[in-house]
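Engineer: Provided below: upload01.cif, containing mmCIF, C-alpha atoms, pLDDT in the B column; chains and numbers go by the auth columns.
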data_input
loop_
_atom_site.group_PDB
_atom_site.id
_atom_site.type_symbol
_atom_site.label_atom_id
_atom_site.label_comp_id
_atom_site.label_asym_id
_atom_site.label_seq_id
_atom_site.Cartn_x
_atom_site.Cartn_y
_atom_site.Cartn_z
_atom_site.B_iso_or_equiv
_atom_site.auth_seq_id
_atom_site.auth_asym_id
ATOM 1 C CA MET A 1 38.586 -37.697 36.614 98.00 1 A
ATOM 2 C CA GLY A 2 35.429 -36.131 35.365 98.00 2 A
ATOM 3 C CA SER A 3 34.187 -32.815 34.052 98.00 3 A
ATOM 4 C CA ASP A 4 31.329 -31.089 32.368 98.00 4 A
ATOM 5 C CA HIS A 5 31.658 -29.238 29.072 98.00 5 A
ATOM 6 C CA ALA A 6 33.022 -26.074 30.730 98.00 6 A
ATOM 7 C CA GLY A 7 35.781 -28.047 32.422 98.00 7 A
ATOM 8 C CA PHE A 8 36.536 -30.337 29.482 98.00 8 A
ATOM 9 C CA ARG A 9 39.673 -28.551 28.243 98.00 9 A
ATOM 10 C CA ALA A 10 41.178 -28.294 31.728 98.00 10 A
ATOM 11 C CA LYS A 11 40.379 -31.965 32.383 98.00 11 A
ATOM 12 C CA GLU A 12 42.122 -32.967 29.164 98.00 12 A
ATOM 13 C CA THR A 13 45.184 -30.894 30.104 98.00 13 A
ATOM 14 C CA ILE A 14 45.338 -32.440 33.578 98.00 14 A
ATOM 15 C CA LYS A 15 44.779 -35.942 32.193 98.00 15 A
ATOM 16 C CA LYS A 16 47.603 -35.542 29.674 98.00 16 A
ATOM 17 C CA TYR A 17 49.948 -34.387 32.437 98.00 17 A
ATOM 18 C CA LEU A 18 48.964 -37.231 34.787 98.00 18 A
ATOM 19 C CA GLU A 19 49.329 -39.924 32.157 98.00 19 A
ATOM 20 C CA GLY A 20 52.719 -38.512 31.193 98.00 20 A
ATOM 21 C CA ALA A 21 53.748 -38.610 34.859 97.00 21 A
ATOM 22 C CA GLY A 22 52.825 -42.292 35.075 97.00 22 A
ATOM 23 C CA TYR A 23 49.471 -42.052 36.865 96.00 23 A
ATOM 24 C CA ARG A 24 46.629 -44.397 35.956 95.00 24 A
ATOM 25 C CA VAL A 25 43.728 -42.175 34.948 97.00 25 A
ATOM 26 C CA GLU A 26 40.097 -43.248 34.672 97.00 26 A
ATOM 27 C CA ASP A 27 38.171 -40.609 32.722 98.00 27 A
ATOM 28 C CA VAL A 28 34.412 -40.836 33.355 98.00 28 A
ATOM 29 C CA GLY A 29 33.712 -38.016 30.877 97.00 29 A
ATOM 30 C CA THR A 30 32.557 -35.832 29.438 98.00 30 A
ATOM 31 C CA HIS A 31 34.432 -36.320 26.200 98.00 31 A
ATOM 32 C CA SER A 32 33.592 -33.090 24.353 98.00 32 A
ATOM 33 C CA GLU A 33 32.518 -29.503 24.864 97.00 33 A
ATOM 34 C CA GLU A 34 28.882 -30.355 24.114 98.00 34 A
ATOM 35 C CA SER A 35 26.657 -29.171 26.970 98.00 35 A
ATOM 36 C CA VAL A 36 26.106 -31.759 29.724 98.00 36 A
ATOM 37 C CA ASP A 37 25.050 -31.771 33.385 98.00 37 A
ATOM 38 C CA TYR A 38 27.985 -31.563 35.821 98.00 38 A
ATOM 39 C CA PRO A 39 26.307 -33.547 38.646 98.00 39 A
ATOM 40 C CA ASP A 40 26.454 -36.705 36.529 98.00 40 A
ATOM 41 C CA TYR A 41 30.245 -36.569 36.266 98.00 41 A
ATOM 42 C CA ALA A 42 30.882 -35.436 39.832 98.00 42 A
ATOM 43 C CA LYS A 43 28.713 -38.307 41.058 98.00 43 A
ATOM 44 C CA ALA A 44 30.553 -40.816 38.855 98.00 44 A
ATOM 45 C CA VAL A 45 33.939 -39.721 40.208 98.00 45 A
ATOM 46 C CA GLY A 46 32.662 -39.642 43.786 98.00 46 A
ATOM 47 C CA GLU A 47 31.192 -43.117 43.523 98.00 47 A
ATOM 48 C CA ARG A 48 34.464 -44.532 42.150 98.00 48 A
ATOM 49 C CA VAL A 49 36.425 -43.013 45.035 98.00 49 A
ATOM 50 C CA ALA A 50 33.858 -43.993 47.683 97.00 50 A
ATOM 51 C CA ALA A 51 33.829 -47.588 46.384 98.00 51 A
ATOM 52 C CA GLY A 52 37.616 -47.771 46.584 97.00 52 A
ATOM 53 C CA ASN A 53 38.095 -48.124 42.820 96.00 53 A
ATOM 54 C CA ASP A 54 40.234 -44.975 42.922 96.00 54 A
ATOM 55 C CA SER A 55 41.991 -43.493 45.940 96.00 55 A
ATOM 56 C CA LEU A 56 41.538 -39.878 44.834 98.00 56 A
ATOM 57 C CA GLY A 57 39.428 -37.990 42.316 98.00 57 A
ATOM 58 C CA VAL A 58 39.575 -34.818 40.245 98.00 58 A
ATOM 59 C CA VAL A 59 36.439 -33.006 39.065 98.00 59 A
ATOM 60 C CA VAL A 60 36.262 -29.908 36.886 98.00 60 A
ATOM 61 C CA CYS A 61 33.498 -27.550 35.812 98.00 61 A
ATOM 62 C CA GLY A 62 33.548 -23.862 34.913 98.00 62 A
ATOM 63 C CA THR A 63 34.108 -22.597 38.452 98.00 63 A
ATOM 64 C CA GLY A 64 34.559 -25.842 40.385 98.00 64 A
ATOM 65 C CA ILE A 65 31.658 -24.903 42.629 98.00 65 A
ATOM 66 C CA GLY A 66 28.998 -27.118 41.081 98.00 66 A
ATOM 67 C CA VAL A 67 31.134 -30.248 40.893 98.00 67 A
ATOM 68 C CA SER A 68 32.344 -29.782 44.477 98.00 68 A
ATOM 69 C CA ILE A 69 28.773 -29.506 45.762 98.00 69 A
ATOM 70 C CA ALA A 70 27.649 -32.511 43.727 98.00 70 A
ATOM 71 C CA ALA A 71 30.621 -34.710 44.640 98.00 71 A
ATOM 72 C CA ASN A 72 30.072 -33.977 48.334 96.00 72 A
ATOM 73 C CA LYS A 73 26.607 -35.518 48.087 95.00 73 A
ATOM 74 C CA VAL A 74 28.237 -38.937 47.645 96.00 74 A
ATOM 75 C CA GLU A 75 28.646 -40.664 51.003 92.00 75 A
ATOM 76 C CA GLY A 76 32.280 -40.816 52.065 93.00 76 A
ATOM 77 C CA ILE A 77 33.445 -38.026 49.786 96.00 77 A
ATOM 78 C CA ARG A 78 35.222 -34.948 51.053 97.00 78 A
ATOM 79 C CA ALA A 79 35.552 -32.810 47.940 98.00 79 A
ATOM 80 C CA ALA A 80 37.449 -29.551 48.247 98.00 80 A
ATOM 81 C CA LEU A 81 37.367 -26.657 45.818 98.00 81 A
ATOM 82 C CA ALA A 82 40.873 -25.340 45.186 98.00 82 A
ATOM 83 C CA HIS A 83 41.955 -22.326 43.175 95.00 83 A
ATOM 84 C CA ASP A 84 45.641 -22.533 44.060 97.00 84 A
ATOM 85 C CA SER A 85 48.341 -24.920 45.245 97.00 85 A
ATOM 86 C CA LEU A 86 48.083 -23.981 48.918 97.00 86 A
ATOM 87 C CA THR A 87 44.376 -24.765 49.187 97.00 87 A
ATOM 88 C CA ALA A 88 44.914 -28.032 47.306 98.00 88 A
ATOM 89 C CA ARG A 89 47.692 -29.116 49.668 98.00 89 A
ATOM 90 C CA ARG A 90 45.758 -28.103 52.779 98.00 90 A
ATOM 91 C CA ALA A 91 42.672 -29.939 51.533 98.00 91 A
ATOM 92 C CA ARG A 92 44.662 -33.195 51.780 98.00 92 A
ATOM 93 C CA GLU A 93 46.781 -32.351 54.829 97.00 93 A
ATOM 94 C CA HIS A 94 44.075 -30.864 57.047 97.00 94 A
ATOM 95 C CA ASN A 95 40.764 -32.161 55.687 96.00 95 A
ATOM 96 C CA ASP A 96 41.744 -35.557 54.248 97.00 96 A
ATOM 97 C CA ALA A 97 39.953 -34.524 51.051 98.00 97 A
ATOM 98 C CA ASN A 98 39.661 -37.376 48.592 98.00 98 A
ATOM 99 C CA VAL A 99 38.367 -35.347 45.643 98.00 99 A
ATOM 100 C CA ILE A 100 39.723 -32.039 44.367 98.00 100 A
ATOM 101 C CA ALA A 101 37.472 -29.684 42.422 98.00 101 A
ATOM 102 C CA LEU A 102 38.782 -27.086 40.003 98.00 102 A
ATOM 103 C CA GLY A 103 37.333 -24.335 37.884 98.00 103 A
ATOM 104 C CA GLY A 104 38.404 -24.680 34.276 97.00 104 A
ATOM 105 C CA LYS A 105 37.339 -21.085 33.615 97.00 105 A
ATOM 106 C CA VAL A 106 39.015 -19.837 36.815 97.00 106 A
ATOM 107 C CA VAL A 107 42.532 -21.286 36.723 97.00 107 A
ATOM 108 C CA GLY A 108 44.905 -21.519 33.802 97.00 108 A
ATOM 109 C CA GLU A 109 46.444 -24.726 32.515 96.00 109 A
ATOM 110 C CA ASP A 110 49.700 -24.388 34.468 97.00 110 A
ATOM 111 C CA GLU A 111 47.869 -23.600 37.701 98.00 111 A
ATOM 112 C CA ALA A 112 45.471 -26.514 37.168 98.00 112 A
ATOM 113 C CA ILE A 113 48.427 -28.882 36.891 98.00 113 A
ATOM 114 C CA ALA A 114 50.111 -27.320 39.944 98.00 114 A
ATOM 115 C CA ILE A 115 46.897 -27.735 41.961 98.00 115 A
ATOM 116 C CA VAL A 116 46.617 -31.407 41.053 98.00 116 A
ATOM 117 C CA GLN A 117 50.338 -31.984 41.737 98.00 117 A
ATOM 118 C CA GLU A 118 50.001 -30.510 45.226 98.00 118 A
ATOM 119 C CA PHE A 119 46.825 -32.470 45.937 98.00 119 A
ATOM 120 C CA LEU A 120 48.310 -35.793 44.840 98.00 120 A
ATOM 121 C CA GLY A 121 51.639 -35.150 46.550 97.00 121 A
ATOM 122 C CA ALA A 122 50.201 -34.256 49.948 98.00 122 A
ATOM 123 C CA THR A 123 49.143 -36.657 52.683 97.00 123 A
ATOM 124 C CA PHE A 124 46.720 -36.324 55.550 96.00 124 A
ATOM 125 C CA ALA A 125 48.513 -34.944 58.617 91.00 125 A
ATOM 126 C CA GLY A 126 46.248 -36.662 61.152 92.00 126 A
ATOM 127 C CA GLY A 127 46.723 -35.450 64.708 89.00 127 A
ATOM 128 C CA ARG A 128 44.389 -32.612 65.651 88.00 128 A
ATOM 129 C CA HIS A 129 42.962 -32.716 62.120 93.00 129 A
ATOM 130 C CA GLN A 130 41.689 -36.278 62.603 90.00 130 A
ATOM 131 C CA ARG A 131 39.273 -35.091 65.295 91.00 131 A
ATOM 132 C CA ARG A 132 37.784 -32.612 62.847 91.00 132 A
ATOM 133 C CA VAL A 133 37.505 -35.120 60.004 91.00 133 A
ATOM 134 C CA ASP A 134 35.810 -37.522 62.441 91.00 134 A
ATOM 135 C CA LYS A 135 33.227 -34.835 63.211 92.00 135 A
ATOM 136 C CA ILE A 136 32.519 -34.423 59.500 86.00 136 A
ATOM 137 C CA SER A 137 32.086 -38.197 59.154 86.00 137 A
ATOM 138 C CA GLU A 138 29.710 -38.184 62.108 86.00 138 A
ATOM 139 C CA MET A 139 27.622 -35.513 60.386 84.00 139 A
ATOM 140 C CA ASP A 140 27.241 -37.895 57.432 79.00 140 A
ATOM 141 C CA ARG A 141 26.145 -40.735 59.720 77.00 141 A
ATOM 142 C CA VAL A 142 23.578 -38.531 61.467 73.00 142 A
ATOM 143 C CA ARG A 143 22.200 -37.392 58.114 65.00 143 A
ATOM 144 C CA GLU A 144 21.836 -41.020 56.969 70.00 144 A
ATOM 145 C CA HIS A 145 19.803 -41.927 60.031 69.00 145 A
ATOM 146 C CA GLN A 146 17.508 -38.924 59.602 74.00 146 A
ATOM 147 C CA THR A 147 16.423 -39.936 56.121 63.00 147 A
#
Can the structure in the file be given as structure tokens, please?

Structural biologist:
Amino acid sequence: MGSDHAGFRAKETIKKYLEGAGYRVEDVGTHSEESVDYPDYAKAVGERVAAGNDSLGVVVCGTGIGVSIAANKVEGIRAALAHDSLTARRAREHNDANVIALGGKVVGEDEAIAIVQEFLGATFAGGRHQRRVDKISEMDRVREHQT
């Protein structure tokens, strides 16, 4: 998990829920509401997931937009912005998302927990969705070779 200052409270709420539910949680920060730069925390979460240290990640900023963009810059990350349980579930089932992004100023505490529950409880459906995920992965490989 990681957040900037605007997502700090939501991150803490989610972390408390996850720990209470028996999940192992690695919190890469931030650890207060003092202003920080969200890309640093989105990158840290993305790198942990991409390296296989964590199977899934959660990132939070004010809207979820910034952290989702930043996390997606990490090779191998498919971060999805979710504002409700349905989009969180579909992110895993259809897109094999490995990071969920939330807006701490957009969703309330109960909805934030519900989003994370759906994301963690869902599994990739494969099938026709695998072809699409493979195309996304190919886009990453092409981009690597162009730089």

Engineer: Once the PyMOL selection byres ((chain A and resi 35-42) around 9) has been evaluated on this model, what residues remain selected, and can you format them as an mmCIF file with C-alpha atoms, in the frame of the given file?

Structural biologist:
data_model
loop_
_atom_site.group_PDB
_atom_site.id
_atom_site.type_symbol
_atom_site.label_atom_id
_atom_site.label_comp_id
_atom_site.auth_asym_id
_atom_site.auth_seq_id
_atom_site.Cartn_x
_atom_site.Cartn_y
_atom_site.Cartn_z
ATOM 1 C CA MET A 1 38.586 -37.697 36.614
ATOM 2 C CA GLY A 2 35.429 -36.131 35.365
ATOM 3 C CA SER A 3 34.187 -32.815 34.052
ATOM 4 C CA ASP A 4 31.329 -31.089 32.368
ATOM 5 C CA HIS A 5 31.658 -29.238 29.072
ATOM 6 C CA ALA A 6 33.022 -26.074 30.730
ATOM 7 C CA VAL A 28 34.412 -40.836 33.355
ATOM 8 C CA GLY A 29 33.712 -38.016 30.877
ATOM 9 C CA THR A 30 32.557 -35.832 29.438
ATOM 10 C CA SER A 32 33.592 -33.090 24.353
ATOM 11 C CA GLU A 33 32.518 -29.503 24.864
ATOM 12 C CA GLU A 34 28.882 -30.355 24.114
ATOM 13 C CA LYS A 43 28.713 -38.307 41.058
ATOM 14 C CA ALA A 44 30.553 -40.816 38.855
ATOM 15 C CA VAL A 45 33.939 -39.721 40.208
ATOM 16 C CA GLY A 46 32.662 -39.642 43.786
ATOM 17 C CA GLU A 47 31.192 -43.117 43.523
ATOM 18 C CA VAL A 58 39.575 -34.818 40.245
ATOM 19 C CA VAL A 59 36.439 -33.006 39.065
ATOM 20 C CA VAL A 60 36.262 -29.908 36.886
ATOM 21 C CA CYS A 61 33.498 -27.550 35.812
ATOM 22 C CA GLY A 66 28.998 -27.118 41.081
ATOM 23 C CA VAL A 67 31.134 -30.248 40.893
ATOM 24 C CA SER A 68 32.344 -29.782 44.477
ATOM 25 C CA ILE A 69 28.773 -29.506 45.762
ATOM 26 C CA ALA A 70 27.649 -32.511 43.727
ATOM 27 C CA ALA A 71 30.621 -34.710 44.640
ATOM 28 C CA ASN A 72 30.072 -33.977 48.334
ATOM 29 C CA VAL A 74 28.237 -38.937 47.645
#

Engineer: In Å, how far is it from atom CA of A:Gly52 to atom CA of A:Gly104?

Structural biologist: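 Going from atom CA of A:Gly52 over to atom CA of A:Gly104, I get 26.2 Å.
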
Engineer: Evaluating the PyMOL selection byres ((chain A and resi 119-127) around 8) on the displayed file yields which residues, as a list in words?

Structural biologist: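 In the shown coordinates, the PyMOL selection byres ((chain A and resi 119-127) around 8) covers Leu56, Ser85, Ala88, Arg89, Ala91, Arg92, Glu93, His94, Asn95, Asp96, Ile100, Ile115, Val116, Gln117, Glu118, Arg128, His129, Gln130 and Arg131 of chain A.
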
Engineer: Can you spit out the residues from that selection as a tab-separated table (two decimals), in the coordinates of the input, using C-alpha atoms?

Structural biologist:
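Produced file out.tsv, reproduced below:
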chain	number	residue	atom	x	y	z
A	56	LEU	CA	41.54	-39.88	44.83
A	85	SER	CA	48.34	-24.92	45.24
A	88	ALA	CA	44.91	-28.03	47.31
A	89	ARG	CA	47.69	-29.12	49.67
A	91	ALA	CA	42.67	-29.94	51.53
A	92	ARG	CA	44.66	-33.20	51.78
A	93	GLU	CA	46.78	-32.35	54.83
A	94	HIS	CA	44.08	-30.86	57.05
A	95	ASN	CA	40.76	-32.16	55.69
A	96	ASP	CA	41.74	-35.56	54.25
A	100	ILE	CA	39.72	-32.04	44.37
A	115	ILE	CA	46.90	-27.74	41.96
A	116	VAL	CA	46.62	-31.41	41.05
A	117	GLN	CA	50.34	-31.98	41.74
A	118	GLU	CA	50.00	-30.51	45.23
A	128	ARG	CA	44.39	-32.61	65.65
A	129	HIS	CA	42.96	-32.72	62.12
A	130	GLN	CA	41.69	-36.28	62.60
A	131	ARG	CA	39.27	-35.09	65.30

Engineer: Measuring atom to atom with all atoms listed in the file, identify which of A:Ala112, A:Ala79, A:Ala97, A:Ile136 is nearest to A:Lys11.

Structural biologist: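 For A:Lys11, the nearest of the given residues is A:Ala112.
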
Engineer: For atom CA of A:Glu75 and atom CA of A:Tyr17, determine how far apart the two atoms are, in Å to one decimal place.

Structural biologist: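 Straight-line distance from atom CA of A:Glu75 to atom CA of A:Tyr17 works out to 28.9 Å.
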
Engineer: Find the distance between atom CA of A:Gly7 and atom CA of A:Lys105 and write it in Å to one decimal.

Structural biologist: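 Separation of atom CA of A:Gly7 and atom CA of A:Lys105: 7.2 Å.
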
Engineer: Applied to this file, what does the PyMOL selection byres ((chain A and resi 108) around 12) return in terms of residues, put as a list in words?

Structural biologist: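 Checking the PyMOL selection byres ((chain A and resi 108) around 12) against this file, the residues are Gly7, Arg9, Ala10, Lys11, Thr13, Ile14, Gly62, Thr63, His83, Asp84, Leu102, Gly103, Gly104, Lys105, Val106, Val107, Glu109, Asp110, Glu111, Ala112, Ile113, Ala114 and Ile115 of chain A.
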
Engineer: Considering all atoms listed in the file, can you say which of A:Arg90, A:Arg48, A:Arg132, A:Arg24 comes closest to A:Ile77?

Structural biologist: A:Arg48

Engineer: Identify which of the residues A:Gly57, A:His31, A:Ala21, A:Gly76 lies closest to A:Met139, counting all atoms listed in the file when measuring atom-to-atom distances.

Structural biologist: A:Gly76
